[in-house]
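In what follows, a single structure is set out as structure tokens and then discussed.
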Amino acid sequence: MTWTFTHDLAAYLAAAGPAVAGEPVANTTLLTVTDALERRGPNAYGSVEPFFGWWTAADGNVSGALLCTPPHPLLIGALPQKAVRALGTALAAEPLLAGVDALNARRHDVQALAAAWGKRSEVTEENRLYRLAGLLAPDPAPAGQARAATPADLPLLMDWAGAFKRETGEPGGPSEAFLRDRLSYGGMLLWEDAGTPVSMAGFFRAIGAVSRVGPVYTPPELRGRGYAAGVTHAVSEAAYAAGASEVLLFTDLANPTSNAIYQRLGYTPVEDRVVVAAV
């Protein structure tokens, strides 16, 4: 039983790809991050080289994985408990993990990992993963309608994506390459009221028939009018139309408004993920 760590994406995909794909809901972020790295190269999330890891059980089968795209936290997928305990040891001993200053893991794993980390840390973010059980229309329906974003909308999308990142505390600035990739498959929608864009939402390509909605953003001065519900409903339909049989999204548990909106649209909780950072 052992953890293996590497900078080699191809080696990671060959060893851990089937195990990660076998749990596409719990591992949704691992799947979308590696998809972006394959499509856009190793600097898709920043200038520092990403690294990867996988857990091999006693029977020789890989049953869990992680990755890190600095400056983002170490992203830890679904793991068996033996792997969690061994990762706790590796956090303190593995050279490749020495620069890690934040962990993103399932709630029931993060406490043990943080305790074994050997660094003083605090919870900085708590997110809930939702699965769409059955799409419900917003009630009351907001004014306006959705449309697919186009390259002509790129300046607005960059502006709003940057505002979303600042508001949520996500590291790095908006990525034009990310948005252009989204536009290439119709993965960004705008909600318009009287012909003016008032909200946006996107969805990731379906991987293993699972797609994830995000980001969803409405400028502060336009909130409270149902636009986010309208564009989320529309983007959920678009994800299904693009081939997804499962549609997911994450919400910040510190934002009760968004959690309530998504549940009214038919999203149901799956599990919580927590980010802890060294202090």
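Identifiers in the structure tokens: chain A, B, ... in order shown; residue index from 1 per chain; ligand index from 1 in order shown.
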
For segment 163-271 of chain A against segment 97-109 of chain A, with a cut-off of 12 Å and counting only C-alpha atoms, what is the closest atom pair and its distance in Å to one decimal for every residue that makes the cut, ordered by chain and number, as JSON lines?
```
{"residue": "A:Pro171", "atom": "CA", "partner": "A:Ala102", "partner_atom": "CA", "distance": 12.0}
{"residue": "A:Val270", "atom": "CA", "partner": "A:Arg106", "partner_atom": "CA", "distance": 10.9}
{"residue": "A:Glu271", "atom": "CA", "partner": "A:Arg106", "partner_atom": "CA", "distance": 7.5}
```

Discussion item. Residues within 12 Å of Ala241 of chain A, please, as a count of residues only. Count only C-alpha atoms; anything in the same chain fewer than 2 positions from it doesn't count.
Written reply: 19

Practice prompt. List every residue of segment 35-233 of chain A that DSSP, applied to the backbone of this structure, assigns to strand (DSSP E), and report them as a PyMOL selection string.
Written response: chain A and resi 51-56+62-68+74-76+102-106+121-132+145-148+188-193+196-203+210-217

Worksheet entry | Atom pair atom CA of Asp159 of chain A / atom CA of Gly266 of chain A: separation (Å) |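 One can read the atom CA of Asp159 of chain A to atom CA of Gly266 of chain A distance as 29.4 Å.
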
Discussion item. I'd like the neighbourhood of Gly208 of chain A as a list in words, where a residue qualifies if any of its atoms comes within 12 Å (using only C-alpha atoms), though same-chain residues fewer than 5 positions away should be ignored.
Written reply: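 After dropping sequence-adjacent residues, the list is Gly17, Pro18, Val20, Ala21, Gly22, Glu23, Pro24, Val25, Asn27, Thr28, Leu31, Thr32, Asp35, Gly243, Ala244, Ser245, Glu246 and Val247 of chain A.
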
Practice prompt. Name the residues in contact with Tyr130 of chain A at a cut-off of 7 Å, using only C-alpha atoms, excluding same-chain residues fewer than 5 positions from it; report them as a PyMOL selection string.
Written response: chain A and resi 248-250+267-270

Worksheet entry | Non-local contacts of Ala112 of chain A (8 Å; only C-alpha atoms; under 4 positions in same chain excluded) as a PyMOL selection string | chain A and resi 84-85+88+116

Worksheet entry | 12 Å contact set for segment 144-147 of chain A, only C-alpha atoms, chain neighbours under 6 positions out, as a PyMOL selection string | chain A and resi 153+186-202+225-238

Worksheet entry | Per-residue DSSP, segment 96-253 of chain A, filtered to alpha helix (DSSP H), as an MDAnalysis selection string | chainID A and resid 107:117 154:168 176:184 227:241

Selection near Thr251 of chain A, 9 Å with only C-alpha atoms, sequence-local residues under 3 positions removed, as an mmCIF file with all heavy atoms, in the first residue's frame:
```cif
data_model
loop_
_atom_site.group_PDB
_atom_site.id
_atom_site.type_symbol
_atom_site.label_atom_id
_atom_site.label_comp_id
_atom_site.auth_asym_id
_atom_site.auth_seq_id
_atom_site.Cartn_x
_atom_site.Cartn_y
_atom_site.Cartn_z
ATOM 1 N N GLU A 126 -15.936 26.357 3.051
ATOM 2 C CA GLU A 126 -16.764 25.152 3.157
ATOM 3 C C GLU A 126 -17.748 25.166 1.988
ATOM 4 O O GLU A 126 -18.535 26.097 1.836
ATOM 5 C CB GLU A 126 -17.520 25.124 4.479
ATOM 6 C CG GLU A 126 -16.619 25.027 5.702
ATOM 7 C CD GLU A 126 -17.408 25.048 6.994
ATOM 8 O OE1 GLU A 126 -17.807 26.149 7.407
ATOM 9 O OE2 GLU A 126 -17.628 23.971 7.578
ATOM 10 N N ASN A 127 -17.682 24.126 1.171
ATOM 11 C CA ASN A 127 -18.529 24.044 -0.015
ATOM 12 C C ASN A 127 -19.384 22.784 0.028
ATOM 13 O O ASN A 127 -18.967 21.756 0.569
ATOM 14 C CB ASN A 127 -17.667 24.015 -1.275
ATOM 15 C CG ASN A 127 -16.897 25.292 -1.467
ATOM 16 O OD1 ASN A 127 -17.467 26.375 -1.477
ATOM 17 N ND2 ASN A 127 -15.581 25.188 -1.601
ATOM 18 N N ARG A 128 -20.559 22.880 -0.547
ATOM 19 C CA ARG A 128 -21.457 21.723 -0.641
ATOM 20 C C ARG A 128 -21.628 21.343 -2.106
ATOM 21 O O ARG A 128 -21.895 22.192 -2.962
ATOM 22 C CB ARG A 128 -22.805 22.038 -0.010
ATOM 23 C CG ARG A 128 -23.813 20.893 -0.077
ATOM 24 C CD ARG A 128 -24.871 21.049 1.007
ATOM 25 N NE ARG A 128 -24.270 20.840 2.327
ATOM 26 C CZ ARG A 128 -24.850 21.206 3.482
ATOM 27 N NH1 ARG A 128 -26.032 21.792 3.475
ATOM 28 N NH2 ARG A 128 -24.230 20.981 4.625
ATOM 29 N N LEU A 129 -21.455 20.066 -2.388
ATOM 30 C CA LEU A 129 -21.694 19.532 -3.727
ATOM 31 C C LEU A 129 -23.151 19.122 -3.840
ATOM 32 O O LEU A 129 -23.675 18.395 -2.990
ATOM 33 C CB LEU A 129 -20.782 18.331 -3.982
ATOM 34 C CG LEU A 129 -20.946 17.621 -5.329
ATOM 35 C CD1 LEU A 129 -20.599 18.552 -6.482
ATOM 36 C CD2 LEU A 129 -20.085 16.360 -5.381
ATOM 37 N N TYR A 130 -23.799 19.590 -4.905
ATOM 38 C CA TYR A 130 -25.195 19.261 -5.179
ATOM 39 C C TYR A 130 -25.294 18.479 -6.489
ATOM 40 O O TYR A 130 -24.527 18.691 -7.420
ATOM 41 C CB TYR A 130 -26.037 20.531 -5.325
ATOM 42 C CG TYR A 130 -26.367 21.249 -4.046
ATOM 43 C CD1 TYR A 130 -25.476 22.174 -3.498
ATOM 44 C CD2 TYR A 130 -27.565 21.031 -3.378
ATOM 45 C CE1 TYR A 130 -25.784 22.856 -2.336
ATOM 46 C CE2 TYR A 130 -27.885 21.710 -2.211
ATOM 47 C CZ TYR A 130 -26.994 22.625 -1.690
ATOM 48 O OH TYR A 130 -27.291 23.296 -0.535
ATOM 49 N N ALA A 254 -21.314 29.457 3.134
ATOM 50 C CA ALA A 254 -21.461 30.760 3.774
ATOM 51 C C ALA A 254 -22.480 31.640 3.050
ATOM 52 O O ALA A 254 -22.781 32.736 3.519
ATOM 53 C CB ALA A 254 -20.114 31.474 3.829
ATOM 54 N N ASN A 255 -23.003 31.165 1.920
ATOM 55 C CA ASN A 255 -23.964 31.939 1.134
ATOM 56 C C ASN A 255 -25.316 31.226 1.147
ATOM 57 O O ASN A 255 -25.610 30.421 0.262
ATOM 58 C CB ASN A 255 -23.459 32.096 -0.301
ATOM 59 C CG ASN A 255 -24.325 33.040 -1.123
ATOM 60 O OD1 ASN A 255 -25.493 33.271 -0.814
ATOM 61 N ND2 ASN A 255 -23.760 33.588 -2.185
ATOM 62 N N SER A 258 -27.630 31.496 -2.246
ATOM 63 C CA SER A 258 -27.389 30.629 -3.399
ATOM 64 C C SER A 258 -27.786 29.194 -3.104
ATOM 65 O O SER A 258 -28.338 28.496 -3.964
ATOM 66 C CB SER A 258 -25.922 30.702 -3.823
ATOM 67 O OG SER A 258 -25.065 30.228 -2.806
ATOM 68 N N ASN A 259 -27.534 28.720 -1.880
ATOM 69 C CA ASN A 259 -27.928 27.357 -1.524
ATOM 70 C C ASN A 259 -29.443 27.178 -1.644
ATOM 71 O O ASN A 259 -29.918 26.155 -2.131
ATOM 72 C CB ASN A 259 -27.464 27.027 -0.104
ATOM 73 C CG ASN A 259 -25.993 26.662 -0.040
ATOM 74 O OD1 ASN A 259 -25.631 25.501 -0.128
ATOM 75 N ND2 ASN A 259 -25.139 27.662 0.106
ATOM 76 N N TYR A 262 -30.556 27.106 -5.472
ATOM 77 C CA TYR A 262 -30.277 25.869 -6.188
ATOM 78 C C TYR A 262 -31.196 24.737 -5.739
ATOM 79 O O TYR A 262 -31.626 23.914 -6.557
ATOM 80 C CB TYR A 262 -28.812 25.486 -6.025
ATOM 81 C CG TYR A 262 -27.863 26.534 -6.571
ATOM 82 C CD1 TYR A 262 -26.709 26.896 -5.894
ATOM 83 C CD2 TYR A 262 -28.137 27.191 -7.774
ATOM 84 C CE1 TYR A 262 -25.850 27.861 -6.393
ATOM 85 C CE2 TYR A 262 -27.293 28.161 -8.276
ATOM 86 C CZ TYR A 262 -26.151 28.491 -7.584
ATOM 87 O OH TYR A 262 -25.301 29.450 -8.081
#
```

Fill in: Counting only C-alpha atoms, the residue of A:Ala19, A:Trp160, A:Glu94, A:Ala86 that sits nearest Ser63 of chain A
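When distances to Ser63 of chain A are compared using only C-alpha atoms, the smallest one comes from A:Ala19.
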